[in-house]
Each structure stands twice: as structure tokens, then as C-alpha cells.
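my_file-v5.txt (compact mmCIF, C-alpha atoms) appears below.
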```txt
# COMPACT_ATOMS: atom_id res chain seq x y z
CA MET A 17 -25.17 82.37 57.41
CA SER A 18 -28.06 79.93 57.51
CA LYS A 19 -26.12 77.78 55.04
CA SER A 20 -23.37 77.55 57.64
CA ARG A 21 -25.84 76.82 60.36
CA ASN A 22 -27.48 74.05 58.34
CA PHE A 23 -24.12 72.47 57.63
CA LEU A 24 -23.07 72.57 61.28
CA LEU A 25 -26.42 71.23 62.42
CA ALA A 26 -26.30 68.37 59.92
CA GLY A 27 -22.75 67.53 60.98
CA PHE A 28 -23.71 67.60 64.63
CA ILE A 29 -26.68 65.30 64.05
CA VAL A 30 -24.49 62.81 62.16
CA THR A 31 -22.05 62.93 65.09
CA LEU A 32 -24.81 62.34 67.63
CA VAL A 33 -26.14 59.37 65.68
CA LEU A 34 -22.67 57.83 65.37
CA ALA A 35 -21.92 58.16 69.10
CA GLY A 36 -25.42 57.45 70.37
CA PHE A 37 -26.42 54.65 68.03
CA GLY A 38 -23.48 53.49 65.90
CA SER A 39 -21.16 52.92 68.84
CA TYR A 40 -23.18 49.85 69.86
CA TYR A 41 -21.90 48.10 66.75
CA ALA A 42 -18.22 48.91 67.38
CA SER A 43 -15.77 46.02 67.51
CA SER A 44 -14.91 44.94 71.03
CA TYR A 45 -11.60 43.36 70.05
CA PRO A 46 -8.57 44.88 71.79
CA ASP A 47 -7.17 47.85 69.88
CA GLY A 48 -3.79 47.83 68.14
CA LEU A 49 -1.74 48.85 71.16
CA GLU A 50 -3.54 46.47 73.56
CA LYS A 51 -3.13 43.60 71.10
CA VAL A 52 0.57 44.28 70.63
CA ALA A 53 1.01 44.59 74.40
CA SER A 54 -0.67 41.26 75.10
CA ASP A 55 1.06 39.45 72.18
CA ILE A 56 4.49 40.62 73.27
CA GLY A 57 3.68 40.30 76.95
CA PHE A 58 3.73 43.73 78.56
CA ILE A 59 -0.05 44.15 78.95
CA GLU A 60 0.40 43.27 82.67
CA THR A 61 2.31 46.50 83.21
CA ALA A 62 -0.93 48.44 82.59
CA GLN A 63 -2.55 49.83 85.72
CA ASP A 64 -6.25 50.35 86.28
CA HIS A 65 -7.41 53.78 85.30
CA THR A 66 -7.66 56.30 88.15
CA ASN A 67 -11.30 56.91 87.16
CA ALA A 68 -12.08 53.26 86.40
CA ASP A 69 -15.15 53.48 88.65
CA GLY A 70 -16.36 56.77 87.17
CA VAL A 71 -19.94 57.19 86.00
CA LEU A 72 -18.93 57.08 82.33
CA ALA A 73 -15.91 54.75 82.54
CA ASP A 74 -15.40 52.62 79.44
CA TYR A 75 -18.10 54.49 77.54
CA SER A 76 -21.02 53.09 79.47
CA PHE A 77 -23.30 54.87 81.89
CA LYS A 78 -22.94 53.34 85.32
CA GLY A 79 -26.09 51.69 86.65
CA ILE A 80 -27.79 51.23 83.28
CA ASP A 81 -27.70 47.55 82.37
CA ASN A 82 -29.01 47.77 78.83
CA ALA A 83 -25.78 47.93 76.81
CA ARG A 84 -27.32 49.77 73.88
CA PHE A 85 -28.83 52.50 76.06
CA SER A 86 -25.90 52.71 78.48
CA GLY A 87 -23.28 53.08 75.74
CA GLY A 88 -25.48 55.34 73.64
CA LEU A 89 -26.13 57.69 76.54
CA ALA A 90 -22.40 57.82 77.37
CA GLY A 91 -21.67 58.62 73.73
CA VAL A 92 -24.24 61.40 73.58
CA ILE A 93 -22.91 62.92 76.81
CA GLY A 94 -19.40 62.75 75.34
CA VAL A 95 -20.51 64.48 72.16
CA PHE A 96 -22.07 67.35 74.10
CA ALA A 97 -19.11 67.61 76.51
CA THR A 98 -16.58 67.65 73.65
CA GLY A 99 -18.72 70.02 71.61
CA ILE A 100 -19.05 72.50 74.46
CA ALA A 101 -15.37 72.30 75.44
CA ALA A 102 -13.92 72.46 71.93
CA GLY A 103 -16.56 74.80 70.52
CA GLY A 104 -16.13 77.16 73.47
CA LEU A 105 -12.35 77.13 73.17
CA PHE A 106 -12.35 77.84 69.44
CA MET A 107 -14.99 80.58 69.65
CA LEU A 108 -12.93 82.17 72.42
CA ILE A 109 -9.64 82.24 70.52
CA ARG A 110 -10.94 82.97 67.00
CA ARG A 111 -10.19 86.22 65.20
CA LYS A 112 -13.02 88.56 65.93
CA PRO A 113 -14.69 90.52 63.10
CA SER A 114 -12.49 93.53 62.30
CA GLY A 115 -15.11 95.99 63.58
CA ALA A 116 -14.80 94.60 67.08
CA GLN A 117 -11.03 94.79 67.19
CA HIS A 118 -9.25 97.51 69.13
CA LYS A 119 -5.64 98.10 68.34
CA MET B 11 -3.76 53.58 70.71
CA HIS B 12 -4.60 55.23 74.05
CA ILE B 13 -1.76 54.39 76.41
CA PRO B 14 -2.90 53.33 79.91
CA ASP B 15 -1.03 54.21 83.10
CA GLY B 16 1.90 51.89 83.79
CA PHE B 17 3.30 51.13 80.32
CA ILE B 18 5.69 54.08 80.46
CA ASP B 19 7.45 55.19 83.65
CA LEU B 20 6.51 58.43 85.41
CA PRO B 21 9.66 60.51 84.63
CA THR B 22 9.21 59.86 80.91
CA SER B 23 5.48 60.57 81.15
CA GLY B 24 6.34 63.84 82.91
CA ILE B 25 8.73 64.91 80.15
CA PHE B 26 6.09 64.26 77.51
CA ALA B 27 3.45 66.04 79.60
CA ALA B 28 5.69 69.12 79.65
CA ALA B 29 6.30 68.84 75.89
CA SER B 30 2.56 68.52 75.34
CA ALA B 31 1.81 71.59 77.45
CA ALA B 32 4.35 73.58 75.43
CA GLY B 33 2.93 72.29 72.16
CA ILE B 34 -0.61 73.22 73.20
CA ALA B 35 0.55 76.72 74.11
CA LEU B 36 2.12 77.13 70.65
CA SER B 37 -1.00 75.72 69.02
CA LEU B 38 -3.21 78.23 70.85
CA LYS B 39 -1.09 80.98 69.31
CA GLY B 40 -1.17 79.42 65.84
CA ALA B 41 -4.89 78.64 65.92
CA LYS B 42 -5.68 82.21 66.93
CA LYS B 43 -4.40 83.35 63.53
CA SER B 44 -6.10 80.70 61.43
CA LEU B 45 -9.56 80.60 63.04
CA ASP B 46 -12.21 83.11 62.11
CA GLU B 47 -15.98 83.45 62.43
CA LYS B 48 -16.55 80.73 59.85
CA SER B 49 -13.86 78.20 60.71
CA ALA B 50 -14.11 78.27 64.53
CA PRO B 51 -17.48 76.44 64.63
CA LEU B 52 -16.17 73.88 62.10
CA ALA B 53 -13.18 73.27 64.39
CA GLY B 54 -15.55 72.58 67.27
CA LEU B 55 -17.60 70.23 65.12
CA THR B 56 -14.43 68.48 63.96
CA ALA B 57 -13.37 67.74 67.54
CA THR B 58 -16.87 66.45 68.32
CA PHE B 59 -16.93 64.27 65.21
CA ILE B 60 -13.53 62.78 66.04
CA PHE B 61 -14.69 61.99 69.57
CA ALA B 62 -17.73 60.15 68.17
CA VAL B 63 -15.88 58.24 65.47
CA GLN B 64 -13.13 57.21 67.90
CA MET B 65 -15.86 55.20 69.66
CA LEU B 66 -16.40 53.19 66.49
CA ASN B 67 -13.74 50.51 66.64
CA PHE B 68 -13.54 48.48 63.45
CA PRO B 69 -11.98 45.00 63.25
CA VAL B 70 -8.70 44.87 61.29
CA ALA B 71 -7.26 41.40 61.72
CA ALA B 72 -7.76 38.30 63.82
CA GLY B 73 -8.75 39.62 67.23
CA THR B 74 -7.60 43.21 66.71
CA SER B 75 -9.53 46.42 66.28
CA GLY B 76 -8.66 50.00 65.52
CA HIS B 77 -10.38 53.34 65.39
CA LEU B 78 -9.92 56.66 63.67
CA LEU B 79 -7.19 58.89 65.08
CA GLY B 80 -8.37 61.87 63.09
CA GLY B 81 -5.12 63.87 63.05
CA ALA B 82 -4.85 64.20 59.28
CA LEU B 83 -8.61 64.68 58.97
CA ALA B 84 -8.62 67.56 61.44
CA ALA B 85 -5.48 69.16 59.98
CA VAL B 86 -6.97 69.22 56.48
CA LEU B 87 -10.33 70.56 57.67
CA VAL B 88 -9.22 73.23 60.15
CA GLY B 89 -5.42 73.55 59.92
CA PRO B 90 -2.74 71.85 62.00
CA TYR B 91 -2.79 74.20 65.03
CA ALA B 92 -6.54 73.99 65.55
CA ALA B 93 -6.30 70.25 64.82
CA THR B 94 -3.79 69.77 67.63
CA LEU B 95 -6.16 71.58 69.98
CA ALA B 96 -9.16 69.57 68.77
CA LEU B 97 -7.37 66.25 69.34
CA SER B 98 -6.12 67.44 72.74
CA VAL B 99 -9.66 68.29 73.85
CA VAL B 100 -10.85 64.85 72.69
CA LEU B 101 -8.02 63.11 74.59
CA LEU B 102 -8.73 65.13 77.74
CA MET B 103 -12.42 64.18 77.62
CA GLN B 104 -11.63 60.53 77.00
CA SER B 105 -9.15 60.34 79.83
CA PHE B 106 -11.09 62.29 82.46
CA LEU B 107 -14.68 61.29 81.65
CA PHE B 108 -14.39 57.86 80.05
CA ALA B 109 -11.28 56.37 81.72
CA ASP B 110 -9.77 55.87 78.25
CA GLY B 111 -6.06 56.65 78.28
CA GLY B 112 -4.29 56.93 81.63
CA LEU B 113 -4.15 60.27 83.46
CA SER B 114 -0.38 60.02 83.86
CA ALA B 115 -0.17 58.99 80.19
CA LEU B 116 -2.11 62.02 78.95
CA GLY B 117 1.03 63.82 77.78
CA LEU B 118 2.21 60.68 75.99
CA ASN B 119 -1.12 60.31 74.22
CA ILE B 120 -1.33 64.00 73.29
CA PHE B 121 2.20 63.81 71.90
CA ASN B 122 1.44 60.78 69.73
CA MET B 123 -2.04 61.60 68.49
CA ALA B 124 -2.38 65.38 68.73
CA PHE B 125 1.19 66.23 67.62
CA ILE B 126 2.63 63.36 65.58
CA GLY B 127 -0.71 62.27 64.11
CA VAL B 128 -1.66 65.83 63.16
CA TRP B 129 1.70 67.15 61.92
CA VAL B 130 2.89 64.04 60.10
CA GLY B 131 -0.57 63.78 58.56
CA TYR B 132 -0.49 67.44 57.56
CA GLY B 133 3.03 67.16 56.16
CA PHE B 134 2.10 64.22 53.95
CA PHE B 135 -1.09 66.01 52.91
CA LEU B 136 0.89 69.05 51.70
CA LEU B 137 3.39 66.85 49.91
CA ILE B 138 0.77 64.75 48.14
CA ARG B 139 -1.37 67.78 47.30
CA LYS B 140 1.64 69.26 45.54
CA LEU B 141 2.04 66.14 43.40
CA LEU B 142 -1.62 66.00 42.35
CA PRO B 143 -3.57 68.31 40.02
CA LYS B 144 -5.26 71.25 41.70
CA THR B 145 -8.73 69.77 41.85
CA LYS B 146 -11.18 69.18 44.66
CA SER B 147 -10.85 65.42 44.48
CA SER B 148 -7.08 65.75 44.96
CA ILE B 149 -7.75 67.22 48.41
CA THR B 150 -9.78 64.16 49.37
CA ILE B 151 -7.19 61.73 47.98
CA ALA B 152 -4.28 63.54 49.62
CA ALA B 153 -6.10 63.65 52.98
CA SER B 154 -6.89 59.96 52.74
CA ILE B 155 -3.29 58.87 52.03
CA ALA B 156 -2.02 61.26 54.71
CA GLY B 157 -4.44 59.63 57.14
CA LEU B 158 -3.11 56.19 56.30
CA LEU B 159 0.51 57.24 56.94
CA SER B 160 -0.26 59.22 60.10
CA VAL B 161 -1.36 56.12 62.02
CA PRO B 162 1.90 54.10 61.92
CA ALA B 163 3.70 57.41 62.56
CA ALA B 164 1.71 57.96 65.75
CA ALA B 165 2.34 54.31 66.71
CA THR B 166 6.07 54.96 66.31
CA GLY B 167 5.67 57.73 68.89
CA PHE B 168 4.66 55.07 71.41
CA VAL B 169 7.73 53.00 70.48
CA LEU B 170 9.93 56.04 71.12
CA GLN B 171 8.33 56.48 74.54
CA TYR B 172 8.72 52.76 75.24
CA ALA B 173 12.40 52.95 74.26
CA ILE B 174 12.95 55.85 76.67
CA GLY B 175 10.84 54.77 79.61
CA GLY B 176 9.03 51.49 79.01
CA THR B 177 8.47 49.59 82.24
CA ALA B 178 8.78 46.21 80.46
CA THR B 179 12.04 44.90 79.07
CA PHE B 180 11.08 43.42 75.71
CA SER B 181 13.29 44.59 72.86
CA VAL B 182 12.40 47.87 71.18
CA GLN B 183 12.72 46.27 67.73
CA THR B 184 10.06 43.69 68.61
CA VAL B 185 7.69 46.38 69.80
CA LEU B 186 8.44 48.56 66.76
CA ALA B 187 7.75 45.80 64.26
CA ALA B 188 4.49 44.79 65.94
CA MET B 189 3.25 48.36 66.40
CA VAL B 190 3.99 49.50 62.86
CA GLY B 191 2.64 46.29 61.29
CA THR B 192 -0.64 46.47 63.19
CA HIS B 193 -1.11 50.19 62.68
CA VAL B 194 -0.55 50.10 58.93
CA LEU B 195 -3.66 47.90 58.86
CA ILE B 196 -5.55 50.31 61.09
CA GLY B 197 -4.31 53.08 58.77
CA ILE B 198 -6.37 51.61 55.95
CA GLY B 199 -9.51 52.23 58.01
CA GLU B 200 -8.19 55.71 58.80
CA ALA B 201 -7.75 56.37 55.06
CA ILE B 202 -11.31 55.30 54.26
CA ILE B 203 -12.94 57.34 57.04
CA THR B 204 -10.75 60.39 56.36
CA GLY B 205 -11.58 60.19 52.65
CA LEU B 206 -15.32 59.91 53.30
CA ALA B 207 -15.37 62.76 55.79
CA VAL B 208 -13.17 65.16 53.81
CA GLY B 209 -15.02 64.22 50.62
CA ALA B 210 -18.37 65.02 52.25
CA VAL B 211 -17.21 68.44 53.47
CA MET B 212 -15.55 69.20 50.11
CA ALA B 213 -18.80 68.37 48.35
CA SER B 214 -20.98 70.56 50.56
CA ARG B 215 -18.79 73.36 51.99
CA SER B 216 -15.38 73.34 50.29
CA ASP B 217 -15.02 77.02 51.22
CA LEU B 218 -14.58 75.96 54.85
CA VAL B 219 -11.81 73.40 54.19
CA TYR B 220 -8.42 74.73 55.35
CA GLY B 221 -6.44 72.47 53.03
CA TRP B 222 -8.41 73.73 50.04
CA ARG B 223 -8.67 77.37 51.09
CA GLY B 224 -4.88 77.31 51.25
CA ASN B 225 -4.94 77.03 47.46
CA SER B 226 -7.46 79.77 46.81
CA SER B 227 -6.49 82.27 49.52
CA LEU B 228 -3.07 82.70 47.89
CA LEU B 229 -4.88 83.98 44.82
CA GLU B 230 -7.01 86.33 46.90
CA ILE B 231 -3.98 87.79 48.58
CA ARG B 232 -2.29 88.40 45.24
CA LYS B 233 -5.44 90.04 43.93
CA SER B 234 -5.69 92.38 46.86
CA ILE B 235 -2.08 93.47 46.42
```

Any chance you could put this one into C-alpha cells?
Amino acid sequence: MSKSRNFLLAGFIVTLVLAGFGSYYASSYPDGLEKVASDIGFIETAQDHTNADGVLADYSFKGIDNARFSGGLAGVIGVFATGIAAGGLFMLIRRKPSGAQHK
Amino acid sequence: MHIPDGFIDLPTSGIFAAASAAGIALSLKGAKKSLDEKSAPLAGLTATFIFAVQMLNFPVAAGTSGHLLGGALAAVLVGPYAATLALSVVLLMQSFLFADGGLSALGLNIFNMAFIGVWVGYGFFLLIRKLLPKTKSSITIAASIAGLLSVPAAATGFVLQYAIGGTATFSVQTVLAAMVGTHVLIGIGEAIITGLAVGAVMASRSDLVYGWRGNSSLLEIRKSI
């Protein structure tokens, strides 16, 4: 059991470091779809995102000017939000140990 | 690859939103069977890892970047149903919290990345695994190649949506050629990251890997009969 816990903890720490620290070094070139859309000419059909003014829009924390800290904080928040949402969902739907099953 | 609002008209987006809702419902059923005490936490970690690595855009060619999709990676680690759910959670978070991927385009994006990316990736993984010897490194190699192929497949999903309900009028062939060409390059990055991640889990906890357990659980079932 502790082997499992160590593995999950190590994985989670790697994930936090990638989102909180590594993301600063990500390429800021347009992604494949954006590039294709602007090369061909339909990028103008894109509309602004409904939440474009949101606190975490574009993976930066609104109001924090330091890019490294702003992006890192947004990434860490995203990791926790995704972890809680996905982890909660999967723990909820998993097969329970046979002792706990009533059928 | 996250489609913004406006590229695809609303009726088409609505159809794909309905298809995505149906696919998620089926995946909830499928994942219920495959997830247990041990694999459920790994599925949560997989979703979290994909969210983080999707932030890490890497440059692929002059002025273009790409990032991991993670469909094949997730399918190999936790099975295709749980993988679809993991990718869907990631896409929901990105769209609602980070303004990445339009709200009206959510169904389009789930269809391309959580369905096509996952299932095409998983299909190629099974096929390639069959062709390779039954060793641990075969799992990593098969996952990596499946990752490569899943990216242009997901990009083709966008072309399908553009053909049905694109708001621009450029020819579908032009869009297809550009999307597939660009995303084969991005697929190389996908292959490398998928190989590294699956390789790392295979090295430390191969017992948790769905695509590997598939091999050994058959034996267990036979034994218990």
C-alpha cells in the first residue's frame, strides 16, 4: 500500500513541478491548429473566449505581473483542480472491495 | 488543437456536444468495470499529469508549437474508458478555468481528443502490441507509436467538423493537408513524451499499467478456472 502511495506521491510531485515551473519554458508559438488557421486564413473566424477575462485565463493568474509566478501559480491551481475533479470522479465510480458490495 | 468558439457553426457544435455527452455516459459505464482500488488513483494522476504536460508546448517547425494530447498515453495506462473520462475532465478544466478551447466548442474538442485521440491511439496500441514480442519494452514502443498516430487522427476530427460546419469557406482538402502535415510533426513529440511516461511507469509499477495487465490478467483468469 505504501508502495502505491509513494508512486502516486512521486507522480504528483513531478506533475506539480512541470505545471508550476516547467510551463514557463513552454513555446509561445501558435499551436498546430492556430497556425493552420492563420496560414489558410480562417483564424479571423475565432471568437474571444467567453471567460477571456477570467482570473486564470490563458494560464496566468490575473493581477500578478511576474510571468514566472503568474503562470506557475495558474499551473499549480490547475493541477489541484484537475486532480480533485478527476481523482474524485474515479474514486467514486471504481469497483469497491468485494466485502463492501451488496448484491 | 483546442478549437476556439467561432471556427465551427453552432448546430454542428451542438451535434458533437450531444455525441460527446453520450460517449461520456458510455465511458462512465465502461470505466466502472475497469477501475478498482489500485487503478482509480492512477487514473486521477494520469488526468492531472496530462493537464500539466499540455501546458508544455514544444516548438515543431518554423513558428509552430504543439503539446501532448495524451489520448494514447492515458488509454495504455488506465484503459480507454477511463482515458476518455480523464481527457474530458482535462478539457472541461481548460475550457472553464483557463479559457483554452471555446465553451461552445467543448463537444468538438472532447470528440477529437477524448474520443478519437484515445480510441485510435488504443486501437493502434493493441495492433502494434500484437506484432511485437510480449515484453515490457514492447508496451512502451507500442504506446509511443500509437501516440504518434493518434495526433493526426485527432486533427482529422477537426477537418471532419470543418467539412460539416466550418464557418469559413476554404476548401476541405486544403485544411486536411495542412492539419495532417502539421500534426504528424506534433505527433513525434507525442511519441517521445508517451514513450518516456509509459516507460517510467512500466519500470516502477508495471502492475498498474492497463495495457500490460491485459496480457497477464488473461493468464490469471485461466488459472482461476

Problem - Contact residues (chain A, partner chain B, 6 Å, only C-alpha atoms) as a ChimeraX atom specification - result: /A:31,35,39,42-43,45-49,58,61-63,65,67-68,72-75,95,98-99,102-103,106-107,109-111

Take the residues that were just selected and, keeping C-alpha atoms, output them as an mmCIF file, in the frame of the given file.
```cif
data_model
loop_
_atom_site.group_PDB
_atom_site.id
_atom_site.type_symbol
_atom_site.label_atom_id
_atom_site.label_comp_id
_atom_site.auth_asym_id
_atom_site.auth_seq_id
_atom_site.Cartn_x
_atom_site.Cartn_y
_atom_site.Cartn_z
ATOM 1 C CA THR A 31 -22.050 62.930 65.090
ATOM 2 C CA ALA A 35 -21.920 58.160 69.100
ATOM 3 C CA SER A 39 -21.160 52.920 68.840
ATOM 4 C CA ALA A 42 -18.220 48.910 67.380
ATOM 5 C CA SER A 43 -15.770 46.020 67.510
ATOM 6 C CA TYR A 45 -11.600 43.360 70.050
ATOM 7 C CA PRO A 46 -8.570 44.880 71.790
ATOM 8 C CA ASP A 47 -7.170 47.850 69.880
ATOM 9 C CA GLY A 48 -3.790 47.830 68.140
ATOM 10 C CA LEU A 49 -1.740 48.850 71.160
ATOM 11 C CA PHE A 58 3.730 43.730 78.560
ATOM 12 C CA THR A 61 2.310 46.500 83.210
ATOM 13 C CA ALA A 62 -0.930 48.440 82.590
ATOM 14 C CA GLN A 63 -2.550 49.830 85.720
ATOM 15 C CA HIS A 65 -7.410 53.780 85.300
ATOM 16 C CA ASN A 67 -11.300 56.910 87.160
ATOM 17 C CA ALA A 68 -12.080 53.260 86.400
ATOM 18 C CA LEU A 72 -18.930 57.080 82.330
ATOM 19 C CA ALA A 73 -15.910 54.750 82.540
ATOM 20 C CA ASP A 74 -15.400 52.620 79.440
ATOM 21 C CA TYR A 75 -18.100 54.490 77.540
ATOM 22 C CA VAL A 95 -20.510 64.480 72.160
ATOM 23 C CA THR A 98 -16.580 67.650 73.650
ATOM 24 C CA GLY A 99 -18.720 70.020 71.610
ATOM 25 C CA ALA A 102 -13.920 72.460 71.930
ATOM 26 C CA GLY A 103 -16.560 74.800 70.520
ATOM 27 C CA PHE A 106 -12.350 77.840 69.440
ATOM 28 C CA MET A 107 -14.990 80.580 69.650
ATOM 29 C CA ILE A 109 -9.640 82.240 70.520
ATOM 30 C CA ARG A 110 -10.940 82.970 67.000
ATOM 31 C CA ARG A 111 -10.190 86.220 65.200
#
```

Practice task
Could you jot down the CA of Ser154 (chain B) to CA of Ile202 (chain B) separation for me, Å, one decimal place?
Solution key: 6.6 Å

Problem - Residue contacts of Ala213 (chain B) (12 Å, all atoms listed in the file) excluding same-chain residues fewer than 6 positions away, as a list in words - result: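 The residues that qualify are Phe23 of chain A; Lys146, Ser147, Ile149, Thr150, Gly205, Leu206, Ala207, Val219 and Trp222 of chain B.
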
Exercise for the section: Please provide the set of residues having any atom within 7 Å of Ser86 (chain A), restricted to all atoms listed in the file, with same-chain residues fewer than 6 positions apart removed, written as a PyMOL selection string. Expected result: chain A and resi 76-77+80

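Between CA of Ala31 (chain B) and CA of Gly117 (chain B) there is a distance of 7.8 Å.
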
Practice task
Enter the distance from CA of Ile174 (chain B) to CA of Leu158 (chain B), in Å, rounded to one decimal.
Solution key: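 Atom-to-atom, CA of Ile174 (chain B) and CA of Leu158 (chain B) are spaced 25.9 Å apart.
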
Handout entry: Of the listed residues A:Leu105, A:Ile100, A:Ala53, A:Leu89, that which approaches Gly36 (chain A) most closely, counting only C-alpha atoms
Key = A:Leu89

Once 3 Å is added on each side, what are the centre and the three edge lengths, in Å to one decimal, of the axis-aligned box enclosing the listed atoms of region 54-59 of chain B? Present them as AutoDock Vina command-line options.
```
--center_x -15.5 --center_y 68.4 --center_z 66.1 --size_x 10.2 --size_y 14.3 --size_z 10.4
```
